[in-house]
Structures are given as C-alpha cells and as structure tokens.
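Q: Just query.txt, nothing more (compact mmCIF, C-alpha atoms and all ligand atoms):
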# COMPACT_ATOMS: atom_id res chain seq x y z
CA MET A 39 -23.47 36.62 204.57
CA THR A 40 -25.21 34.31 207.07
CA ALA A 41 -26.17 30.64 207.26
CA THR A 42 -29.75 31.60 206.46
CA ASP A 43 -28.89 33.50 203.27
CA PRO A 44 -30.49 31.37 200.52
CA VAL A 45 -27.99 32.57 197.92
CA ALA A 46 -24.93 31.84 200.01
CA HIS A 47 -24.93 28.00 200.16
CA PRO A 48 -22.45 27.91 203.05
CA PRO A 49 -20.62 24.75 204.17
CA ASP A 50 -23.09 22.61 206.16
CA PRO A 51 -23.06 23.77 209.84
CA GLN A 52 -23.79 20.18 210.94
CA LEU A 53 -20.59 18.98 209.29
CA ILE A 54 -18.73 21.89 210.89
CA ASP A 55 -20.10 20.98 214.33
CA ALA A 56 -18.70 17.45 214.03
CA CYS A 57 -15.23 18.90 214.67
CA VAL A 58 -14.36 18.67 218.37
CA HIS A 59 -11.16 20.71 217.95
CA CYS A 60 -8.99 17.87 219.25
CA GLY A 61 -6.12 18.75 216.90
CA PHE A 62 -5.23 15.18 215.87
CA CYS A 63 -5.31 16.27 212.24
CA LEU A 64 -2.66 18.96 212.65
CA SER A 65 0.34 16.66 212.49
CA THR A 66 -0.71 15.17 209.15
CA CYS A 67 -1.61 18.46 207.45
CA PRO A 68 1.19 19.58 205.11
CA SER A 69 0.08 23.22 204.98
CA TYR A 70 0.12 23.42 208.78
CA ARG A 71 3.50 21.72 208.96
CA VAL A 72 5.01 24.18 206.48
CA LEU A 73 3.26 27.39 207.52
CA GLY A 74 2.86 26.60 211.21
CA THR A 75 -0.25 28.74 211.66
CA GLU A 76 -3.50 27.50 213.16
CA MET A 77 -5.60 29.07 210.40
CA ASP A 78 -3.65 27.02 207.83
CA SER A 79 -4.63 23.78 209.56
CA PRO A 80 -7.85 21.76 209.10
CA ARG A 81 -9.04 22.76 212.55
CA GLY A 82 -8.33 26.42 211.86
CA ARG A 83 -10.08 26.34 208.51
CA ILE A 84 -13.14 24.65 210.00
CA TYR A 85 -13.17 27.38 212.66
CA LEU A 86 -13.04 29.99 209.90
CA MET A 87 -15.91 28.34 207.99
CA ASP A 88 -18.01 28.50 211.15
CA ALA A 89 -17.01 32.10 211.83
CA ILE A 90 -17.90 33.11 208.26
CA ASN A 91 -21.26 31.35 208.50
CA GLU A 92 -22.00 33.27 211.69
CA GLY A 93 -20.77 36.58 210.29
CA ARG A 94 -17.85 36.91 212.72
CA VAL A 95 -15.24 36.81 209.93
CA GLN A 96 -15.47 38.13 206.37
CA LEU A 97 -14.81 35.63 203.60
CA ALA A 98 -12.18 37.91 202.07
CA GLU A 99 -10.10 37.78 205.28
CA ALA A 100 -9.96 33.99 205.17
CA VAL A 101 -9.42 33.25 201.47
CA GLN A 102 -5.63 32.89 201.75
CA HIS A 103 -6.10 30.17 204.39
CA PHE A 104 -8.50 28.21 202.18
CA ASP A 105 -6.16 28.68 199.21
CA SER A 106 -3.27 27.21 201.18
CA CYS A 107 -5.17 23.92 201.62
CA LEU A 108 -3.73 21.38 199.20
CA GLY A 109 -6.89 19.28 199.16
CA CYS A 110 -4.77 16.19 199.94
CA LEU A 111 -7.38 15.05 202.52
CA ALA A 112 -4.76 13.55 204.83
CA CYS A 113 -6.80 15.16 207.63
CA VAL A 114 -9.89 13.14 206.71
CA THR A 115 -8.24 9.80 207.39
CA THR A 116 -6.63 11.09 210.59
CA CYS A 117 -9.75 12.56 212.14
CA PRO A 118 -11.15 10.33 214.94
CA SER A 119 -14.50 12.15 214.80
CA GLY A 120 -15.07 11.41 211.12
CA VAL A 121 -15.27 15.08 210.12
CA GLU A 122 -16.06 15.28 206.40
CA TYR A 123 -13.51 17.94 205.62
CA ASP A 124 -13.64 17.02 201.93
CA LYS A 125 -17.25 18.21 201.71
CA LEU A 126 -16.49 21.28 203.79
CA ILE A 127 -13.56 22.49 201.74
CA ALA A 128 -15.37 21.70 198.47
CA ALA A 129 -18.33 23.87 199.56
CA THR A 130 -15.96 26.58 200.76
CA ARG A 131 -14.05 26.74 197.50
CA VAL A 132 -17.32 27.29 195.64
CA GLN A 133 -18.14 30.04 198.13
CA VAL A 134 -14.82 31.73 197.39
CA GLN A 135 -15.45 31.44 193.66
CA ARG A 136 -18.95 32.90 194.04
CA HIS A 137 -18.40 35.68 196.51
CA TYR A 138 -14.77 36.74 196.36
CA GLN A 139 -13.25 38.95 193.67
CA ARG A 140 -9.57 38.00 193.37
CA PRO A 141 -6.93 40.63 192.57
CA VAL A 142 -6.25 41.08 188.83
CA GLY A 143 -2.85 39.37 188.98
CA ASP A 144 -4.38 36.31 190.64
CA ARG A 145 -7.16 36.14 188.07
CA LEU A 146 -4.69 36.38 185.19
CA LEU A 147 -2.51 33.65 186.64
CA ARG A 148 -5.52 31.39 187.16
CA TRP A 149 -6.77 32.09 183.66
CA PHE A 150 -3.33 31.19 182.27
CA ILE A 151 -3.21 27.96 184.29
CA PHE A 152 -6.71 26.89 183.21
CA GLN A 153 -5.89 27.71 179.59
CA THR A 154 -2.64 25.70 179.52
CA LEU A 155 -2.29 22.88 182.08
CA PRO A 156 -5.32 20.84 180.95
CA TYR A 157 -4.19 21.00 177.29
CA PRO A 158 -1.07 18.92 176.39
CA GLN A 159 -0.81 20.53 172.93
CA ARG A 160 -0.71 24.05 174.37
CA LEU A 161 1.85 22.93 176.94
CA ARG A 162 3.97 21.43 174.17
CA ALA A 163 3.83 24.72 172.25
CA LEU A 164 5.15 26.51 175.33
CA LEU A 165 8.21 24.26 175.41
CA TRP A 166 9.71 25.95 172.33
CA PRO A 167 10.27 29.39 173.84
CA LEU A 168 11.54 27.65 176.99
CA TRP A 169 13.99 25.55 174.94
CA LEU A 170 15.23 28.69 173.17
CA TYR A 171 15.50 30.55 176.48
CA GLN A 172 17.76 27.83 177.84
CA LYS A 173 19.76 27.23 174.65
CA LEU A 174 20.58 30.96 174.32
CA GLY A 175 22.04 30.86 177.82
CA LEU A 176 19.45 33.21 179.26
CA ALA A 177 18.52 30.67 181.94
CA ASN A 178 22.17 30.55 183.09
CA LEU A 179 22.36 34.31 183.11
CA GLU A 180 19.20 34.47 185.19
CA LYS A 181 20.71 31.92 187.60
CA GLN A 182 23.62 34.30 188.20
CA LEU A 183 21.61 37.52 188.38
CA GLY A 184 18.48 36.19 190.11
CA LEU A 185 16.45 39.02 188.59
CA LEU A 186 13.24 37.09 187.98
CA LYS A 187 13.31 35.75 191.52
CA ARG A 188 13.26 39.33 192.78
CA LEU A 189 10.88 40.79 190.21
CA LEU A 190 8.25 38.10 189.75
CA PRO A 191 5.37 37.66 192.20
CA LYS A 192 6.03 34.80 194.65
CA SER A 193 3.69 32.35 192.93
CA LEU A 194 5.28 32.90 189.50
CA ALA A 195 8.80 32.72 190.94
CA ALA A 196 7.91 29.35 192.49
CA MET A 197 6.57 28.13 189.14
CA TYR A 198 9.74 29.36 187.42
CA GLN A 199 11.83 27.22 189.80
CA MET A 200 9.93 24.13 188.62
CA LEU A 201 10.49 24.60 184.89
CA PRO A 202 12.02 21.53 183.24
CA SER A 203 15.63 21.65 182.05
CA PHE A 204 16.60 20.60 178.49
CA ARG A 205 20.22 19.90 179.42
S1 LIG B 301 -11.00 17.89 212.09
FE1 LIG B 301 -11.09 16.03 213.33
S2 LIG B 301 -8.98 15.69 214.01
FE2 LIG B 301 -9.11 17.82 213.29
S3 LIG B 301 -9.56 19.01 215.12
FE3 LIG B 301 -11.53 18.52 214.16
S4 LIG B 301 -12.21 16.64 215.17
FE4 LIG B 301 -10.03 16.87 215.63
S1 LIG B 302 -6.76 18.61 202.79
FE1 LIG B 302 -6.01 20.62 203.39
S2 LIG B 302 -6.45 20.73 205.58
FE2 LIG B 302 -6.55 18.56 205.04
S3 LIG B 302 -4.47 17.74 205.38
FE3 LIG B 302 -4.56 18.38 203.23
S4 LIG B 302 -3.77 20.48 203.23
FE4 LIG B 302 -4.34 19.99 205.35
What does the file become when written as structure tokens?
Ligand code: SF4
Ligand code: SF4
A:
Amino acid sequence: MTATDPVAHPPDPQLIDACVHCGFCLSTCPSYRVLGTEMDSPRGRIYLMDAINEGRVQLAEAVQHFDSCLGCLACVTTCPSGVEYDKLIAATRVQVQRHYQRPVGDRLLRWFIFQTLPYPQRLRALLWPLWLYQKLGLANLEKQLGLLKRLLPKSLAAMYQMLPSFR
C-alpha cells in the first residue's frame, strides 16, 4: 500500500509532516505513560503512519499500537506545532478497518461490544445472569480460585474485573 494508491486513502502526508518529533506530547499521553514504548506514543504512531504510507512498515505490524490509542486527544492540546492528530488517527482507524483482518476472537469480542454497549435494554437483560452469578456465590468462588483470570483472554479478563457488584 502506498500514498499514491487511490483505494488506500492513507492519513494525509501533509498532516504527518507537521510533526517535528519534539516529544512534548509524550508526557500527556496515557498510553505512553502506561506502556512506556515509543510506538504507543503520539510521536511513535505518527512515525508509523508515515512508514506505512511509504511502505516501510506493514499495517498489520502496527495495528496494536493504533489500538492502544485511547483517542483522548490530550496530545492535540499539548502539541506546540499544532499537529492534527485527531484527523490522523481517525483516518488510520478507517485504514485498519478497511485493510486489516482481525483474528476471530477479536472480531467476536468487537461484535459483542457493538451489539450490547449501545443498547441499554440489551445491557439490562445481561444484568440478570450476572445477578444470579453473584447471588449463587460463584463470583466469590471465582475470587478464590482465580480461574477466569487465568483462562480468559486478557481483554475479557480486564472486562470481567470491571463488572458491577450487586452487594
Ligand atoms: S505530535 Fe506535536 S508534540 Fe508530539 S512529537 Fe509531534 S510535534 Fe512534537
Ligand atoms: S489520543 Fe492517543 S496518542 Fe493522543 S494522548 Fe490520547 S492516547 Fe495518546
């Protein structure tokens, strides 16, 4: 995929070039602060966008770094060069959607999220099995055994930790 590919619609190279790699944005980026890797910072992601446009990096190799961006846009207000990261990451996410085939587990999880979170009634319906799960003491048992934590994929285990408690 190159910048000249008419089907690709890459992030605008002019917006990418506005980044002078000063690194001011790093201290305000939550994903960089937690993960501590350059490619999970705004500067690193902008570098990746450029590298993908020029064919030096494959989109599939960079997807995890775009996924780790929270879209909070703290970097936009910090950037002294006025880099429009919001437009860049928006274009990149569409690229990922268009050109990257996610693993089956990822697709299922995303399908589940899109089928439940936007719909309050469906979410409410899901509370019943959760209520029963907790009332029967299974949640306490799980707390002691920690089975789900070990068996579930990381993303699901993290979601499990955030379930509301009825007690
Ligand atoms: S996005 Fe802005 S603050 Fe961050 S490295 Fe580029 S120019 Fe510097
Ligand atoms: S929008 Fe993404 S890159 Fe910018 S500060 Fe938030 S997490 Fe970091």
Q: Taking all atoms listed in the file into account, which residues are within 6 Å of ligand LIG 301 (chain B), as a PDB file with C-alpha atoms, in the coordinates of the input?
A:
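out12.pdb, written as the output of this step:
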ATOM      1  CA  CYS A  57     -15.230  18.900 214.670  1.00  0.00           C
ATOM      2  CA  VAL A  58     -14.360  18.670 218.370  1.00  0.00           C
ATOM      3  CA  HIS A  59     -11.160  20.710 217.950  1.00  0.00           C
ATOM      4  CA  CYS A  60      -8.990  17.870 219.250  1.00  0.00           C
ATOM      5  CA  GLY A  61      -6.120  18.750 216.900  1.00  0.00           C
ATOM      6  CA  PHE A  62      -5.230  15.180 215.870  1.00  0.00           C
ATOM      7  CA  CYS A  63      -5.310  16.270 212.240  1.00  0.00           C
ATOM      8  CA  PRO A  80      -7.850  21.760 209.100  1.00  0.00           C
ATOM      9  CA  ARG A  81      -9.040  22.760 212.550  1.00  0.00           C
ATOM     10  CA  CYS A 117      -9.750  12.560 212.140  1.00  0.00           C
ATOM     11  CA  PRO A 118     -11.150  10.330 214.940  1.00  0.00           C
ATOM     12  CA  SER A 119     -14.500  12.150 214.800  1.00  0.00           C
ATOM     13  CA  VAL A 121     -15.270  15.080 210.120  1.00  0.00           C
TER      14      VAL A 121
END
Q: Per residue of chain A within 10 Å of ligand LIG 302 (chain B), record the nearest atom pair and its distance in Å to one decimal, counting all atoms listed in the file, with rows in chain order and ascending residue number, as JSON lines.
A:
{"residue": "A:Cys63", "atom": "CA", "partner": "B:LIG302", "partner_atom": "S3", "distance": 7.1}
{"residue": "A:Leu64", "atom": "CA", "partner": "B:LIG302", "partner_atom": "FE4", "distance": 7.6}
{"residue": "A:Ser65", "atom": "CA", "partner": "B:LIG302", "partner_atom": "S3", "distance": 8.7}
{"residue": "A:Thr66", "atom": "CA", "partner": "B:LIG302", "partner_atom": "S3", "distance": 5.9}
{"residue": "A:Cys67", "atom": "CA", "partner": "B:LIG302", "partner_atom": "S3", "distance": 3.6}
{"residue": "A:Pro68", "atom": "CA", "partner": "B:LIG302", "partner_atom": "S4", "distance": 5.4}
{"residue": "A:Ser69", "atom": "CA", "partner": "B:LIG302", "partner_atom": "S4", "distance": 5.0}
{"residue": "A:Tyr70", "atom": "CA", "partner": "B:LIG302", "partner_atom": "FE4", "distance": 6.6}
{"residue": "A:Arg71", "atom": "CA", "partner": "B:LIG302", "partner_atom": "FE4", "distance": 8.8}
{"residue": "A:Met77", "atom": "CA", "partner": "B:LIG302", "partner_atom": "S2", "distance": 9.7}
{"residue": "A:Asp78", "atom": "CA", "partner": "B:LIG302", "partner_atom": "S2", "distance": 7.2}
{"residue": "A:Ser79", "atom": "CA", "partner": "B:LIG302", "partner_atom": "S2", "distance": 5.3}
{"residue": "A:Pro80", "atom": "CA", "partner": "B:LIG302", "partner_atom": "S2", "distance": 3.9}
{"residue": "A:Arg81", "atom": "CA", "partner": "B:LIG302", "partner_atom": "S2", "distance": 7.7}
{"residue": "A:Gly82", "atom": "CA", "partner": "B:LIG302", "partner_atom": "S2", "distance": 8.7}
{"residue": "A:Arg83", "atom": "CA", "partner": "B:LIG302", "partner_atom": "S2", "distance": 7.3}
{"residue": "A:Ile84", "atom": "CA", "partner": "B:LIG302", "partner_atom": "S2", "distance": 8.9}
{"residue": "A:His103", "atom": "CA", "partner": "B:LIG302", "partner_atom": "S2", "distance": 9.5}
{"residue": "A:Phe104", "atom": "CA", "partner": "B:LIG302", "partner_atom": "FE1", "distance": 8.1}
{"residue": "A:Asp105", "atom": "CA", "partner": "B:LIG302", "partner_atom": "FE1", "distance": 9.1}
{"residue": "A:Ser106", "atom": "CA", "partner": "B:LIG302", "partner_atom": "S4", "distance": 7.1}
{"residue": "A:Cys107", "atom": "CA", "partner": "B:LIG302", "partner_atom": "FE1", "distance": 3.8}
{"residue": "A:Leu108", "atom": "CA", "partner": "B:LIG302", "partner_atom": "S4", "distance": 4.1}
{"residue": "A:Gly109", "atom": "CA", "partner": "B:LIG302", "partner_atom": "S1", "distance": 3.7}
{"residue": "A:Cys110", "atom": "CA", "partner": "B:LIG302", "partner_atom": "FE3", "distance": 4.0}
{"residue": "A:Leu111", "atom": "CA", "partner": "B:LIG302", "partner_atom": "S1", "distance": 3.6}
{"residue": "A:Ala112", "atom": "CA", "partner": "B:LIG302", "partner_atom": "S3", "distance": 4.2}
{"residue": "A:Cys113", "atom": "CA", "partner": "B:LIG302", "partner_atom": "S3", "distance": 4.1}
{"residue": "A:Val114", "atom": "CA", "partner": "B:LIG302", "partner_atom": "FE2", "distance": 6.6}
{"residue": "A:Thr115", "atom": "CA", "partner": "B:LIG302", "partner_atom": "S3", "distance": 9.0}
{"residue": "A:Thr116", "atom": "CA", "partner": "B:LIG302", "partner_atom": "S3", "distance": 8.7}
{"residue": "A:Cys117", "atom": "CA", "partner": "B:LIG302", "partner_atom": "FE2", "distance": 9.8}
{"residue": "A:Tyr123", "atom": "CA", "partner": "B:LIG302", "partner_atom": "FE2", "distance": 7.0}
{"residue": "A:Asp124", "atom": "CA", "partner": "B:LIG302", "partner_atom": "S1", "distance": 7.1}
{"residue": "A:Ile127", "atom": "CA", "partner": "B:LIG302", "partner_atom": "S1", "distance": 7.9}
Q: Write out the residues from the selection above, keeping C-alpha atoms, as a PDB file, in the frame of the given file.
A:
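Writing done, so here's again.pdb:
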ATOM      1  CA  CYS A  63      -5.310  16.270 212.240  1.00  0.00           C
ATOM      2  CA  LEU A  64      -2.660  18.960 212.650  1.00  0.00           C
ATOM      3  CA  SER A  65       0.340  16.660 212.490  1.00  0.00           C
ATOM      4  CA  THR A  66      -0.710  15.170 209.150  1.00  0.00           C
ATOM      5  CA  CYS A  67      -1.610  18.460 207.450  1.00  0.00           C
ATOM      6  CA  PRO A  68       1.190  19.580 205.110  1.00  0.00           C
ATOM      7  CA  SER A  69       0.080  23.220 204.980  1.00  0.00           C
ATOM      8  CA  TYR A  70       0.120  23.420 208.780  1.00  0.00           C
ATOM      9  CA  ARG A  71       3.500  21.720 208.960  1.00  0.00           C
ATOM     10  CA  MET A  77      -5.600  29.070 210.400  1.00  0.00           C
ATOM     11  CA  ASP A  78      -3.650  27.020 207.830  1.00  0.00           C
ATOM     12  CA  SER A  79      -4.630  23.780 209.560  1.00  0.00           C
ATOM     13  CA  PRO A  80      -7.850  21.760 209.100  1.00  0.00           C
ATOM     14  CA  ARG A  81      -9.040  22.760 212.550  1.00  0.00           C
ATOM     15  CA  GLY A  82      -8.330  26.420 211.860  1.00  0.00           C
ATOM     16  CA  ARG A  83     -10.080  26.340 208.510  1.00  0.00           C
ATOM     17  CA  ILE A  84     -13.140  24.650 210.000  1.00  0.00           C
ATOM     18  CA  HIS A 103      -6.100  30.170 204.390  1.00  0.00           C
ATOM     19  CA  PHE A 104      -8.500  28.210 202.180  1.00  0.00           C
ATOM     20  CA  ASP A 105      -6.160  28.680 199.210  1.00  0.00           C
ATOM     21  CA  SER A 106      -3.270  27.210 201.180  1.00  0.00           C
ATOM     22  CA  CYS A 107      -5.170  23.920 201.620  1.00  0.00           C
ATOM     23  CA  LEU A 108      -3.730  21.380 199.200  1.00  0.00           C
ATOM     24  CA  GLY A 109      -6.890  19.280 199.160  1.00  0.00           C
ATOM     25  CA  CYS A 110      -4.770  16.190 199.940  1.00  0.00           C
ATOM     26  CA  LEU A 111      -7.380  15.050 202.520  1.00  0.00           C
ATOM     27  CA  ALA A 112      -4.760  13.550 204.830  1.00  0.00           C
ATOM     28  CA  CYS A 113      -6.800  15.160 207.630  1.00  0.00           C
ATOM     29  CA  VAL A 114      -9.890  13.140 206.710  1.00  0.00           C
ATOM     30  CA  THR A 115      -8.240   9.800 207.390  1.00  0.00           C
ATOM     31  CA  THR A 116      -6.630  11.090 210.590  1.00  0.00           C
ATOM     32  CA  CYS A 117      -9.750  12.560 212.140  1.00  0.00           C
ATOM     33  CA  TYR A 123     -13.510  17.940 205.620  1.00  0.00           C
ATOM     34  CA  ASP A 124     -13.640  17.020 201.930  1.00  0.00           C
ATOM     35  CA  ILE A 127     -13.560  22.490 201.740  1.00  0.00           C
TER      36      ILE A 127
END
Q: Would you pick out the contacts of stretch 197-199 of chain A at 10 Å or less, using all atoms listed in the file, so that residues sharing its chain but fewer than 5 positions from it are not included, and give the list as a list of chain:residue names?
A: A:Leu186, A:Lys187, A:Leu190, A:Lys192
Q: What is the distance, in Å and to one decimal place, between atom CA of A:Leu97 and atom CA of A:Thr130?
A: 9.6 Å
Q: Could you state the separation of atom CA of A:Leu168 and atom CA of A:Ile151 in Å, given to one decimal place?
A: 16.5 Å
Q: When you draw a straight line from atom CA of A:Gln153 to atom CA of A:Phe204, how long is it in Å?
A: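 That distance, rounded to one decimal, is 23.6 Å.
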Q: Is it possible to get the axis-aligned box enclosing stretch 166-185 of chain A (all listed atoms, 5 Å extra per side) as AutoDock Vina command-line options, with centre and edge lengths in Å rounded to one decimal?
A:
--center_x 16.7 --center_y 32.3 --center_z 181.2 --size_x 23.9 --size_y 23.5 --size_z 27.8
Q: Looking at only C-alpha atoms, which of A:Gln159, A:Ala89, A:Val142, A:Ala56 is the one that sits closest to A:Gly120?
A: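 Distance minimum relative to A:Gly120 lands on A:Ala56.
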Q: Between A:Gly74, A:Pro51, A:Pro158, A:Pro202, which has the minimum distance to A:Ala177 (counting all atoms listed in the file)?
A: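 Ranking A:Gly74, A:Pro51, A:Pro158, A:Pro202 by distance to A:Ala177, first place goes to A:Pro202.
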Q: Which one is closest to A:Ser193: A:Arg162, A:His47, A:Arg131, A:Arg148? Count only C-alpha atoms.
A: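 Closest residue, counting only C-alpha atoms: A:Arg148.
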Q: Using only C-alpha atoms for the distances, tell me which of A:Glu92, A:Gly184, A:Gly175, A:Leu53 is nearest to A:Lys125.
A: A:Leu53
Q: Would you please work out which residue, of A:Val72, A:Pro156, A:Ala195, A:Val101, is nearest to A:His137 when using only C-alpha atoms?
A: A:Val101
Q: Using all atoms listed in the file, pick whichever of A:Leu147, A:Leu179, A:Val95, A:Leu170 has the shortest atom-to-atom distance to A:Leu194.
A: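 The answer is A:Leu147, which sits nearest to A:Leu194.
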